file protein-v9.cif (mmCIF, C-alpha atoms and all ligand atoms)
data_protein
loop_
_atom_site.group_PDB
_atom_site.id
_atom_site.type_symbol
_atom_site.label_atom_id
_atom_site.label_comp_id
_atom_site.auth_asym_id
_atom_site.auth_seq_id
_atom_site.Cartn_x
_atom_site.Cartn_y
_atom_site.Cartn_z
ATOM 1 C CA MET A 1 -17.662 14.060 -16.760
ATOM 2 C CA SER A 2 -17.416 11.714 -13.751
ATOM 3 C CA GLU A 3 -17.610 13.247 -10.277
ATOM 4 C CA LYS A 4 -14.408 11.366 -9.468
ATOM 5 C CA GLN A 5 -12.365 13.288 -12.029
ATOM 6 C CA ASN A 6 -9.692 15.454 -10.438
ATOM 7 C CA ARG A 7 -9.904 13.400 -7.276
ATOM 8 C CA VAL A 8 -6.917 11.578 -5.836
ATOM 9 C CA ALA A 9 -6.883 8.126 -4.212
ATOM 10 C CA ILE A 10 -4.377 6.088 -2.258
ATOM 11 C CA VAL A 11 -4.958 2.329 -2.580
ATOM 12 C CA THR A 12 -2.804 0.280 -0.224
ATOM 13 C CA GLY A 13 -1.698 -3.099 -1.580
ATOM 14 C CA ALA A 14 -2.617 -2.271 -5.173
ATOM 15 C CA SER A 15 0.042 -4.272 -7.035
ATOM 16 C CA LYS A 16 -2.192 -7.337 -7.400
ATOM 17 C CA GLY A 17 -5.454 -8.962 -6.364
ATOM 18 C CA ILE A 18 -8.362 -6.848 -5.191
ATOM 19 C CA GLY A 19 -6.245 -3.708 -4.750
ATOM 20 C CA ALA A 20 -5.051 -3.758 -8.368
ATOM 21 C CA ALA A 21 -8.663 -4.098 -9.566
ATOM 22 C CA ILE A 22 -9.689 -1.165 -7.354
ATOM 23 C CA ALA A 23 -6.823 0.988 -8.658
ATOM 24 C CA ARG A 24 -7.710 0.222 -12.276
ATOM 25 C CA ARG A 25 -11.399 0.912 -11.643
ATOM 26 C CA LEU A 26 -10.835 4.212 -9.817
ATOM 27 C CA ALA A 27 -8.477 5.286 -12.603
ATOM 28 C CA ARG A 28 -11.170 4.481 -15.196
ATOM 29 C CA ASP A 29 -13.514 6.616 -13.096
ATOM 30 C CA GLY A 30 -11.059 9.500 -13.631
ATOM 31 C CA THR A 31 -9.276 9.386 -10.252
ATOM 32 C CA ALA A 32 -5.482 9.772 -9.964
ATOM 33 C CA VAL A 33 -4.203 6.781 -8.000
ATOM 34 C CA VAL A 34 -1.246 6.029 -5.733
ATOM 35 C CA ILE A 35 -0.483 2.332 -6.180
ATOM 36 C CA ASN A 36 1.078 1.075 -2.955
ATOM 37 C CA TYR A 37 2.987 -2.196 -2.631
ATOM 38 C CA SER A 38 5.588 -3.558 -0.236
ATOM 39 C CA ARG A 39 7.634 -6.130 -2.180
ATOM 40 C CA ASP A 40 6.953 -6.456 -5.891
ATOM 41 C CA ALA A 41 7.796 -3.207 -7.704
ATOM 42 C CA GLY A 42 7.426 -4.893 -11.112
ATOM 43 C CA LEU A 43 3.777 -5.768 -10.544
ATOM 44 C CA ALA A 44 3.015 -2.278 -9.214
ATOM 45 C CA GLU A 45 4.688 -0.644 -12.247
ATOM 46 C CA GLN A 46 2.627 -2.903 -14.511
ATOM 47 C CA VAL A 47 -0.597 -1.574 -12.942
ATOM 48 C CA VAL A 48 0.698 1.992 -13.387
ATOM 49 C CA GLY A 49 1.559 1.250 -17.031
ATOM 50 C CA ASP A 50 -1.899 -0.179 -17.732
ATOM 51 C CA ILE A 51 -3.570 2.873 -16.174
ATOM 52 C CA GLU A 52 -1.385 5.313 -18.109
ATOM 53 C CA ALA A 53 -1.995 3.401 -21.341
ATOM 54 C CA GLY A 54 -5.718 3.965 -20.753
ATOM 55 C CA GLY A 55 -5.164 7.712 -20.311
ATOM 56 C CA GLY A 56 -5.214 7.695 -16.501
ATOM 57 C CA ARG A 57 -2.796 8.996 -13.870
ATOM 58 C CA ALA A 58 -0.991 6.777 -11.369
ATOM 59 C CA ILE A 59 2.272 6.381 -9.486
ATOM 60 C CA ALA A 60 3.690 3.354 -7.666
ATOM 61 C CA VAL A 61 4.956 3.909 -4.131
ATOM 62 C CA ALA A 62 6.690 1.311 -1.951
ATOM 63 C CA ALA A 63 5.727 1.368 1.726
ATOM 64 C CA ASP A 64 5.220 -1.292 4.374
ATOM 65 C CA ILE A 65 1.869 -0.352 5.881
ATOM 66 C CA GLY A 66 2.782 -2.425 8.914
ATOM 67 C CA SER A 67 5.483 0.121 9.818
ATOM 68 C CA ALA A 68 4.961 3.478 11.532
ATOM 69 C CA SER A 69 6.222 5.477 8.543
ATOM 70 C CA GLY A 70 4.238 3.608 5.846
ATOM 71 C CA LEU A 71 0.991 5.548 5.695
ATOM 72 C CA PRO A 72 2.473 9.032 6.288
ATOM 73 C CA SER A 73 4.892 8.410 3.420
ATOM 74 C CA LEU A 74 2.013 7.462 1.097
ATOM 75 C CA PHE A 75 0.183 10.701 1.901
ATOM 76 C CA ASP A 76 3.433 12.644 1.347
ATOM 77 C CA ALA A 77 3.880 11.018 -2.067
ATOM 78 C CA ALA A 78 0.253 11.626 -3.081
ATOM 79 C CA GLU A 79 0.363 15.274 -2.042
ATOM 80 C CA GLU A 80 3.622 15.823 -3.874
ATOM 81 C CA ALA A 81 2.487 14.124 -7.099
ATOM 82 C CA PHE A 82 -1.185 15.131 -7.228
ATOM 83 C CA GLY A 83 -1.704 17.989 -4.739
ATOM 84 C CA GLY A 84 -3.823 16.259 -2.060
ATOM 85 C CA VAL A 85 -5.820 13.156 -1.179
ATOM 86 C CA ASP A 86 -9.593 12.584 -1.373
ATOM 87 C CA ILE A 87 -9.947 8.800 -1.136
ATOM 88 C CA LEU A 88 -8.096 6.291 1.031
ATOM 89 C CA VAL A 89 -8.675 2.595 0.372
ATOM 90 C CA ASN A 90 -7.192 0.547 3.218
ATOM 91 C CA ASN A 91 -6.978 -2.636 1.158
ATOM 92 C CA ALA A 92 -3.584 -4.221 1.901
ATOM 93 C CA GLY A 93 -3.747 -7.188 4.206
ATOM 94 C CA MET A 94 -2.287 -10.593 4.952
ATOM 95 C CA MET A 95 -3.653 -13.897 6.206
ATOM 96 C CA GLN A 96 -1.828 -16.655 8.074
ATOM 97 C CA LEU A 97 -4.228 -19.411 9.061
ATOM 98 C CA SER A 98 -3.662 -21.684 12.060
ATOM 99 C CA PRO A 99 -5.612 -23.073 14.986
ATOM 100 C CA ILE A 100 -5.108 -20.631 17.857
ATOM 101 C CA ALA A 101 -3.125 -23.258 19.763
ATOM 102 C CA GLY A 102 -0.511 -23.237 16.993
ATOM 103 C CA VAL A 103 -0.147 -19.494 16.284
ATOM 104 C CA GLU A 104 3.438 -18.290 16.716
ATOM 105 C CA ASP A 105 3.935 -14.905 18.370
ATOM 106 C CA ASP A 106 5.528 -13.396 15.272
ATOM 107 C CA ALA A 107 2.582 -14.474 13.055
ATOM 108 C CA PHE A 108 0.179 -12.890 15.553
ATOM 109 C CA GLU A 109 2.187 -9.688 15.773
ATOM 110 C CA ARG A 110 2.676 -9.320 12.006
ATOM 111 C CA GLN A 111 -1.046 -9.748 11.240
ATOM 112 C CA ILE A 112 -1.893 -7.229 13.964
ATOM 113 C CA ALA A 113 0.738 -4.811 12.594
ATOM 114 C CA VAL A 114 -0.437 -5.017 8.970
ATOM 115 C CA ASN A 115 -4.184 -5.710 9.112
ATOM 116 C CA LEU A 116 -4.987 -3.636 12.192
ATOM 117 C CA GLY A 117 -2.017 -1.294 12.597
ATOM 118 C CA GLY A 118 -1.961 -0.431 8.887
ATOM 119 C CA VAL A 119 -5.661 0.404 8.862
ATOM 120 C CA PHE A 120 -5.414 2.340 12.134
ATOM 121 C CA ARG A 121 -2.546 4.459 10.811
ATOM 122 C CA GLY A 122 -4.412 4.913 7.522
ATOM 123 C CA MET A 123 -7.516 6.095 9.350
ATOM 124 C CA ARG A 124 -5.496 8.433 11.568
ATOM 125 C CA GLU A 125 -3.598 9.911 8.627
ATOM 126 C CA GLY A 126 -6.825 10.160 6.635
ATOM 127 C CA ALA A 127 -8.585 11.938 9.507
ATOM 128 C CA ARG A 128 -5.762 14.489 9.576
ATOM 129 C CA ARG A 129 -5.018 14.915 5.876
ATOM 130 C CA LEU A 130 -7.988 13.938 3.642
ATOM 131 C CA ARG A 131 -9.665 16.860 1.923
ATOM 132 C CA ASP A 132 -13.287 17.659 2.906
ATOM 133 C CA ASN A 133 -15.921 15.322 1.389
ATOM 134 C CA GLY A 134 -13.344 12.575 1.232
ATOM 135 C CA ARG A 135 -13.799 8.844 1.511
ATOM 136 C CA ILE A 136 -12.231 6.081 3.594
ATOM 137 C CA VAL A 137 -12.951 2.488 2.587
ATOM 138 C CA SER A 138 -11.305 -0.245 4.671
ATOM 139 C CA PHE A 139 -11.172 -3.992 4.302
ATOM 140 C CA SER A 140 -12.816 -6.424 6.655
ATOM 141 C CA SER A 141 -13.773 -9.969 5.628
ATOM 142 C CA SER A 142 -16.923 -12.069 5.669
ATOM 143 C CA VAL A 143 -15.063 -14.457 7.985
ATOM 144 C CA VAL A 144 -16.142 -11.997 10.677
ATOM 145 C CA GLY A 145 -19.513 -13.564 11.333
ATOM 146 C CA ILE A 146 -18.665 -17.087 10.169
ATOM 147 C CA TYR A 147 -16.110 -17.887 12.893
ATOM 148 C CA GLN A 148 -14.384 -20.762 11.092
ATOM 149 C CA PRO A 149 -11.563 -22.664 12.805
ATOM 150 C CA THR A 150 -8.013 -21.453 11.911
ATOM 151 C CA TYR A 151 -9.206 -17.878 11.184
ATOM 152 C CA GLY A 152 -8.875 -16.677 14.808
ATOM 153 C CA VAL A 153 -6.167 -14.020 14.513
ATOM 154 C CA TYR A 154 -7.096 -12.897 10.987
ATOM 155 C CA ALA A 155 -10.795 -12.543 11.872
ATOM 156 C CA ALA A 156 -9.897 -10.669 15.063
ATOM 157 C CA THR A 157 -7.926 -8.072 13.060
ATOM 158 C CA LYS A 158 -10.857 -7.628 10.683
ATOM 159 C CA ALA A 159 -13.410 -7.335 13.518
ATOM 160 C CA ALA A 160 -11.263 -4.528 14.926
ATOM 161 C CA VAL A 161 -11.331 -2.787 11.518
ATOM 162 C CA GLU A 162 -15.135 -2.917 11.612
ATOM 163 C CA ALA A 163 -15.201 -1.391 15.118
ATOM 164 C CA MET A 164 -12.927 1.498 14.093
ATOM 165 C CA THR A 165 -14.977 2.056 10.922
ATOM 166 C CA HIS A 166 -18.191 2.600 12.917
ATOM 167 C CA ILE A 167 -16.460 4.972 15.330
ATOM 168 C CA LEU A 168 -14.432 7.043 12.826
ATOM 169 C CA ALA A 169 -17.583 7.486 10.728
ATOM 170 C CA LYS A 170 -19.111 9.377 13.660
ATOM 171 C CA GLU A 171 -15.965 11.432 14.200
ATOM 172 C CA LEU A 172 -15.496 12.677 10.615
ATOM 173 C CA GLY A 173 -19.029 13.254 9.331
ATOM 174 C CA THR A 174 -18.981 17.000 9.993
ATOM 175 C CA ARG A 175 -16.389 17.345 7.210
ATOM 176 C CA GLY A 176 -18.454 15.379 4.721
ATOM 177 C CA ILE A 177 -16.025 12.461 4.889
ATOM 178 C CA THR A 178 -17.622 9.016 4.826
ATOM 179 C CA VAL A 179 -15.998 5.992 6.465
ATOM 180 C CA ASN A 180 -17.115 2.529 5.404
ATOM 181 C CA ALA A 181 -15.796 -1.013 5.108
ATOM 182 C CA VAL A 182 -16.275 -3.834 2.655
ATOM 183 C CA ALA A 183 -16.176 -7.424 3.854
ATOM 184 C CA PRO A 184 -15.606 -9.730 0.881
ATOM 185 C CA GLY A 185 -16.273 -13.427 0.884
ATOM 186 C CA PRO A 186 -13.755 -15.696 -0.876
ATOM 187 C CA VAL A 187 -12.158 -13.877 -3.837
ATOM 188 C CA GLU A 188 -9.861 -15.565 -6.345
ATOM 189 C CA THR A 189 -6.541 -13.929 -5.431
ATOM 190 C CA GLU A 190 -3.157 -15.102 -4.218
ATOM 191 C CA LEU A 191 -4.161 -14.443 -0.598
ATOM 192 C CA PHE A 192 -7.127 -16.798 -0.884
ATOM 193 C CA MET A 193 -5.703 -19.466 -3.213
ATOM 194 C CA THR A 194 -2.352 -20.011 -1.452
ATOM 195 C CA GLY A 195 -2.159 -23.388 0.273
ATOM 196 C CA LYS A 196 -5.630 -24.605 -0.758
ATOM 197 C CA SER A 197 -6.256 -27.786 -2.754
ATOM 198 C CA GLU A 198 -8.493 -27.636 -5.839
ATOM 199 C CA GLU A 199 -11.031 -29.707 -3.911
ATOM 200 C CA LEU A 200 -11.118 -27.238 -1.016
ATOM 201 C CA VAL A 201 -11.409 -24.269 -3.390
ATOM 202 C CA GLN A 202 -14.377 -25.925 -5.124
ATOM 203 C CA SER A 203 -16.101 -26.678 -1.838
ATOM 204 C CA ILE A 204 -15.658 -23.074 -0.653
ATOM 205 C CA ALA A 205 -16.892 -21.771 -4.035
ATOM 206 C CA GLY A 206 -20.008 -23.897 -3.540
ATOM 207 C CA MET A 207 -20.932 -22.149 -0.276
ATOM 208 C CA ASN A 208 -22.714 -19.240 -1.984
ATOM 209 C CA PRO A 209 -25.870 -19.451 -4.116
ATOM 210 C CA PHE A 210 -23.961 -18.484 -7.294
ATOM 211 C CA LYS A 211 -21.530 -21.407 -6.795
ATOM 212 C CA ARG A 212 -18.452 -19.427 -7.817
ATOM 213 C CA LEU A 213 -15.600 -17.522 -6.201
ATOM 214 C CA GLY A 214 -15.757 -13.756 -6.111
ATOM 215 C CA GLN A 215 -13.533 -11.934 -8.583
ATOM 216 C CA PRO A 216 -11.518 -8.800 -7.789
ATOM 217 C CA ASP A 217 -13.814 -6.688 -10.002
ATOM 218 C CA ASP A 218 -16.851 -7.787 -7.943
ATOM 219 C CA ILE A 219 -15.251 -5.976 -5.016
ATOM 220 C CA ALA A 220 -13.787 -3.041 -6.992
ATOM 221 C CA ASN A 221 -17.268 -2.154 -8.286
ATOM 222 C CA VAL A 222 -18.514 -1.666 -4.714
ATOM 223 C CA VAL A 223 -15.450 0.347 -3.699
ATOM 224 C CA SER A 224 -15.984 2.585 -6.743
ATOM 225 C CA PHE A 225 -19.548 3.240 -5.561
ATOM 226 C CA LEU A 226 -18.453 3.989 -1.975
ATOM 227 C CA ALA A 227 -15.712 6.300 -3.279
ATOM 228 C CA GLY A 228 -18.116 8.349 -5.384
ATOM 229 C CA SER A 229 -20.696 11.061 -4.720
ATOM 230 C CA ASP A 230 -23.643 8.622 -5.055
ATOM 231 C CA ALA A 231 -22.550 7.154 -1.701
ATOM 232 C CA ALA A 232 -22.476 10.476 0.192
ATOM 233 C CA TRP A 233 -25.239 9.246 2.553
ATOM 234 C CA VAL A 234 -23.673 5.822 3.144
ATOM 235 C CA ASN A 235 -21.588 6.169 6.306
ATOM 236 C CA GLY A 236 -20.379 3.830 9.036
ATOM 237 C CA GLN A 237 -21.462 0.731 7.133
ATOM 238 C CA VAL A 238 -19.863 -2.650 6.564
ATOM 239 C CA ILE A 239 -20.948 -4.033 3.197
ATOM 240 C CA ARG A 240 -20.600 -7.798 2.893
ATOM 241 C CA VAL A 241 -19.751 -8.457 -0.750
ATOM 242 C CA ASN A 242 -19.924 -12.230 -0.965
ATOM 243 C CA GLY A 243 -22.703 -13.432 -3.254
ATOM 244 C CA GLY A 244 -24.889 -14.127 -0.253
ATOM 245 C CA VAL A 245 -22.772 -16.677 1.608
ATOM 246 C CA VAL A 246 -23.693 -15.115 4.999
HETATM 247 N N1 LIG Y 1 -9.107 -12.753 -1.290
HETATM 248 C C1 LIG Y 1 -10.064 -12.989 -0.409
HETATM 249 O O1 LIG Y 1 -10.705 -14.043 -0.426
HETATM 250 C C2 LIG Y 1 -10.399 -11.960 0.625
HETATM 251 C C3 LIG Y 1 -11.579 -12.134 1.373
HETATM 252 C C4 LIG Y 1 -11.909 -11.200 2.343
HETATM 253 C C5 LIG Y 1 -11.090 -10.108 2.566
HETATM 254 N N2 LIG Y 1 -9.956 -9.964 1.840
HETATM 255 C C6 LIG Y 1 -9.106 -8.780 2.112
HETATM 256 O O2 LIG Y 1 -8.949 -8.056 0.904
HETATM 257 C C7 LIG Y 1 -7.702 -7.353 0.932
HETATM 258 C C8 LIG Y 1 -6.915 -7.652 -0.344
HETATM 259 O O3 LIG Y 1 -6.654 -9.042 -0.385
HETATM 260 P P1 LIG Y 1 -6.170 -9.816 -1.715
HETATM 261 O O4 LIG Y 1 -6.862 -11.114 -1.688
HETATM 262 O O5 LIG Y 1 -6.280 -8.933 -2.901
HETATM 263 O O6 LIG Y 1 -4.618 -10.066 -1.319
HETATM 264 P P2 LIG Y 1 -3.328 -10.341 -2.244
HETATM 265 O O7 LIG Y 1 -3.728 -10.864 -3.566
HETATM 266 O O8 LIG Y 1 -2.412 -11.126 -1.382
HETATM 267 O O9 LIG Y 1 -2.707 -8.893 -2.461
HETATM 268 C C9 LIG Y 1 -2.238 -8.189 -1.332
HETATM 269 C C10 LIG Y 1 -1.701 -6.827 -1.737
HETATM 270 O O10 LIG Y 1 -1.281 -6.154 -0.548
HETATM 271 C C11 LIG Y 1 0.108 -5.830 -0.645
HETATM 272 N N3 LIG Y 1 0.680 -5.924 0.692
HETATM 273 C C12 LIG Y 1 0.748 -7.020 1.495
HETATM 274 N N4 LIG Y 1 1.341 -6.691 2.658
HETATM 275 C C13 LIG Y 1 1.653 -5.371 2.570
HETATM 276 C C14 LIG Y 1 2.268 -4.447 3.451
HETATM 277 N N5 LIG Y 1 2.710 -4.813 4.653
HETATM 278 N N6 LIG Y 1 2.422 -3.155 3.040
HETATM 279 C C15 LIG Y 1 1.971 -2.771 1.812
HETATM 280 N N7 LIG Y 1 1.378 -3.605 0.943
HETATM 281 C C16 LIG Y 1 1.228 -4.892 1.318
HETATM 282 C C17 LIG Y 1 0.686 -6.790 -1.663
HETATM 283 O O11 LIG Y 1 1.838 -6.254 -2.299
HETATM 284 P P3 LIG Y 1 3.300 -6.908 -2.126
HETATM 285 O O12 LIG Y 1 3.182 -8.353 -2.566
HETATM 286 O O13 LIG Y 1 4.223 -6.104 -2.948
HETATM 287 O O14 LIG Y 1 3.571 -6.789 -0.660
HETATM 288 C C18 LIG Y 1 -0.498 -6.906 -2.645
HETATM 289 O O15 LIG Y 1 -0.495 -5.781 -3.503
HETATM 290 C C19 LIG Y 1 -6.997 -7.804 2.228
HETATM 291 O O16 LIG Y 1 -7.200 -6.857 3.242
HETATM 292 C C20 LIG Y 1 -7.705 -9.110 2.560
HETATM 293 O O17 LIG Y 1 -7.640 -9.402 3.939
HETATM 294 C C21 LIG Y 1 -9.590 -10.857 0.862
#

call {"tool": "encode", "arguments": {"input": "protein-v9.cif", "output": "structure tokens", "more": "lines below"}}
Ligand SMILES: NC(=O)c1ccc[n+]([C@@H]2O[C@H](COP(=O)([O-])OP(=O)(O)OC[C@H]3O[C@@H](n4cnc5c(N)ncnc54)[C@H](OP(=O)(O)O)[C@@H]3O)[C@@H](O)[C@H]2O)c1
result
Amino acid sequence: MSEKQNRVAIVTGASKGIGAAIARRLARDGTAVVINYSRDAGLAEQVVGDIEAGGGRAIAVAADIGSASGLPSLFDAAEEAFGGVDILVNNAGMMQLSPIAGVEDDAFERQIAVNLGGVFRGMREGARRLRDNGRIVSFSSSVVGIYQPTYGVYAATKAAVEAMTHILAKELGTRGITVNAVAPGPVETELFMTGKSEELVQSIAGMNPFKRLGQPDDIANVVSFLAGSDAAWVNGQVIRVNGGVV
């Protein structure tokens, strides 16, 4: 029997992309999963259906993690459906690329609200409501450390996630809760592919020694490890999952 059986996870932004792969993987590990989404209920229900068809437990819950009520409502739903929460995966995020000179105020504020505010409120709710020996895994990006033009605001939100990860890890350790982050390189999802030509995608894929884009399962495998008991001594770390690009 897996150590993750009878555990409960919230995965923000789990209707597609990396989050959907994480939800499916944690469910296969035996974890009951709250599938969060903000817009597309149909996709979220499809992930729930797939998990249930495989014998797992999942519910879909709509919440905008960029709003003040988003994360508390996800914990409420998880506690009501499954009795408590052990694992929080702060996956949901958005990316709007632009040279800093061209960033509109509302694009700046929305990325701060979702990528930083959502993770902050997830960490705060997790610190208050996760059961002992729980897990928090948040999402940074390998663009922190590459400093490419047009990534200014997005990379700044992710750098802030890394800072909070290191600090919360030191605040929660006495309860056996680990706090880590993963920082993927380019992964073939809607967030990455939108607005890029085939030529640009191929040139970015060629930046790592494996000469391919990451796939959502490449990231989900690492989150599964961090969420499990084998990672009990891994705390306050940022794991760059990118095939070796940086
Ligand atoms: N793909 C990459 O190359 C890459 C690289 C490094 C880091 N990352 C990070 O990895 C994470 C997942 O990215 P992805 O590529 O899988 O993105 P994606 O394919 O665009 O999926 C994003 C997910 O988040 C949900 N979401 C977006 N805004 C939300 C909000 N305000 N409240 C709740 N849910 C919301 C979406 O659901 P709805 O459509 O229903 O809103 C969707 O389920 C993000 O934090 C991203 O920054 C991605």

call {"tool": "residues_around", "arguments": {"input": "protein-v9.cif", "residues": "Ser98 in chain A", "least_positions_apart": "4", "cutoff": "7 Å", "atoms": "only C-alpha atoms", "output": "PyMOL selection string"}}
result
chain A and resi 102-103+150-151

call {"tool": "write_last_selection", "arguments": {"input": "protein-v9.cif", "atoms": "C-alpha atoms", "output": "CSV table (one decimal), in the coordinates of the input"}}
result
chain,number,residue,atom,x,y,z
A,102,GLY,CA,-0.5,-23.2,17.0
A,103,VAL,CA,-0.1,-19.5,16.3
A,150,THR,CA,-8.0,-21.5,11.9
A,151,TYR,CA,-9.2,-17.9,11.2

call {"tool": "axis_aligned_box", "arguments": {"input": "protein-v9.cif", "around": "ligand LIG 1 (chain Y)", "padding_each_side": "6 Å", "output": "AutoDock Vina command-line options"}}
result
--center_x -3.8 --center_y -8.4 --center_z 0.5 --size_x 28.1 --size_y 23.3 --size_z 20.2

call {"tool": "residues_near_ligand", "arguments": {"input": "protein-v9.cif", "ligand": "ligand LIG 1 (chain Y)", "cutoff": "6 Å", "atoms": "all atoms listed in the file", "output": "compact mmCIF listing (two decimals) with C-alpha atoms, keeping the file's coordinate frame"}}
result
# COMPACT_ATOMS: atom_id res chain seq x y z
CA THR A 12 -2.80 0.28 -0.22
CA GLY A 13 -1.70 -3.10 -1.58
CA ALA A 14 -2.62 -2.27 -5.17
CA SER A 15 0.04 -4.27 -7.04
CA LYS A 16 -2.19 -7.34 -7.40
CA GLY A 17 -5.45 -8.96 -6.36
CA ILE A 18 -8.36 -6.85 -5.19
CA GLY A 19 -6.24 -3.71 -4.75
CA TYR A 37 2.99 -2.20 -2.63
CA SER A 38 5.59 -3.56 -0.24
CA ARG A 39 7.63 -6.13 -2.18
CA ASP A 40 6.95 -6.46 -5.89
CA ALA A 63 5.73 1.37 1.73
CA ASP A 64 5.22 -1.29 4.37
CA ILE A 65 1.87 -0.35 5.88
CA GLY A 66 2.78 -2.42 8.91
CA ASN A 91 -6.98 -2.64 1.16
CA ALA A 92 -3.58 -4.22 1.90
CA GLY A 93 -3.75 -7.19 4.21
CA MET A 94 -2.29 -10.59 4.95
CA VAL A 114 -0.44 -5.02 8.97
CA PHE A 139 -11.17 -3.99 4.30
CA SER A 140 -12.82 -6.42 6.66
CA SER A 141 -13.77 -9.97 5.63
CA ALA A 183 -16.18 -7.42 3.85
CA PRO A 184 -15.61 -9.73 0.88
CA GLY A 185 -16.27 -13.43 0.88
CA PRO A 186 -13.76 -15.70 -0.88
CA VAL A 187 -12.16 -13.88 -3.84
CA GLU A 188 -9.86 -15.56 -6.34
CA THR A 189 -6.54 -13.93 -5.43
CA GLU A 190 -3.16 -15.10 -4.22
CA LEU A 191 -4.16 -14.44 -0.60
CA PHE A 192 -7.13 -16.80 -0.88

call {"tool": "atom_distance", "arguments": {"input": "protein-v9.cif", "atom1": "CA of His166 in chain A", "atom2": "CA of Thr178 in chain A"}}
result
10.3 Å

call {"tool": "residues_near_point", "arguments": {"input": "protein-v9.cif", "point": "(-4.9, 6.9, -11.9)", "cutoff": "6 Å", "atoms": "all atoms listed in the file", "output": "list in words"}}
result
Ala27, Thr31, Ala32, Val33, Gly56, Arg57 and Ala58 of chain A

call {"tool": "residues_around", "arguments": {"input": "protein-v9.cif", "residues": "Val89 in chain A", "least_positions_apart": "2", "cutoff": "6 Å", "atoms": "all atoms listed in the file", "output": "list in words"}}
result
Val11, Asn91, Ile136, Val137 and Ser138 of chain A

call {"tool": "resolve_selection", "arguments": {"input": "protein-v9.cif", "expression": "the PyMOL selection byres (((chain A and resi 67) around 12) and not hetatm)", "output": "PyMOL selection string"}}
result
chain A and resi 38+62-66+68-74+109-122

call {"tool": "residues_around", "arguments": {"input": "protein-v9.cif", "residues": "Glu79 in chain A", "least_positions_apart": "6", "cutoff": "10 Å", "atoms": "all atoms listed in the file", "output": "count of residues only"}}
result
4

call {"tool": "residues_near_point", "arguments": {"input": "protein-v9.cif", "point": "(-12.4, -21.9, 17.7)", "cutoff": "10 Å", "atoms": "all atoms listed in the file", "output": "number ranges by chain"}}
result
A: 99-101, 147-152
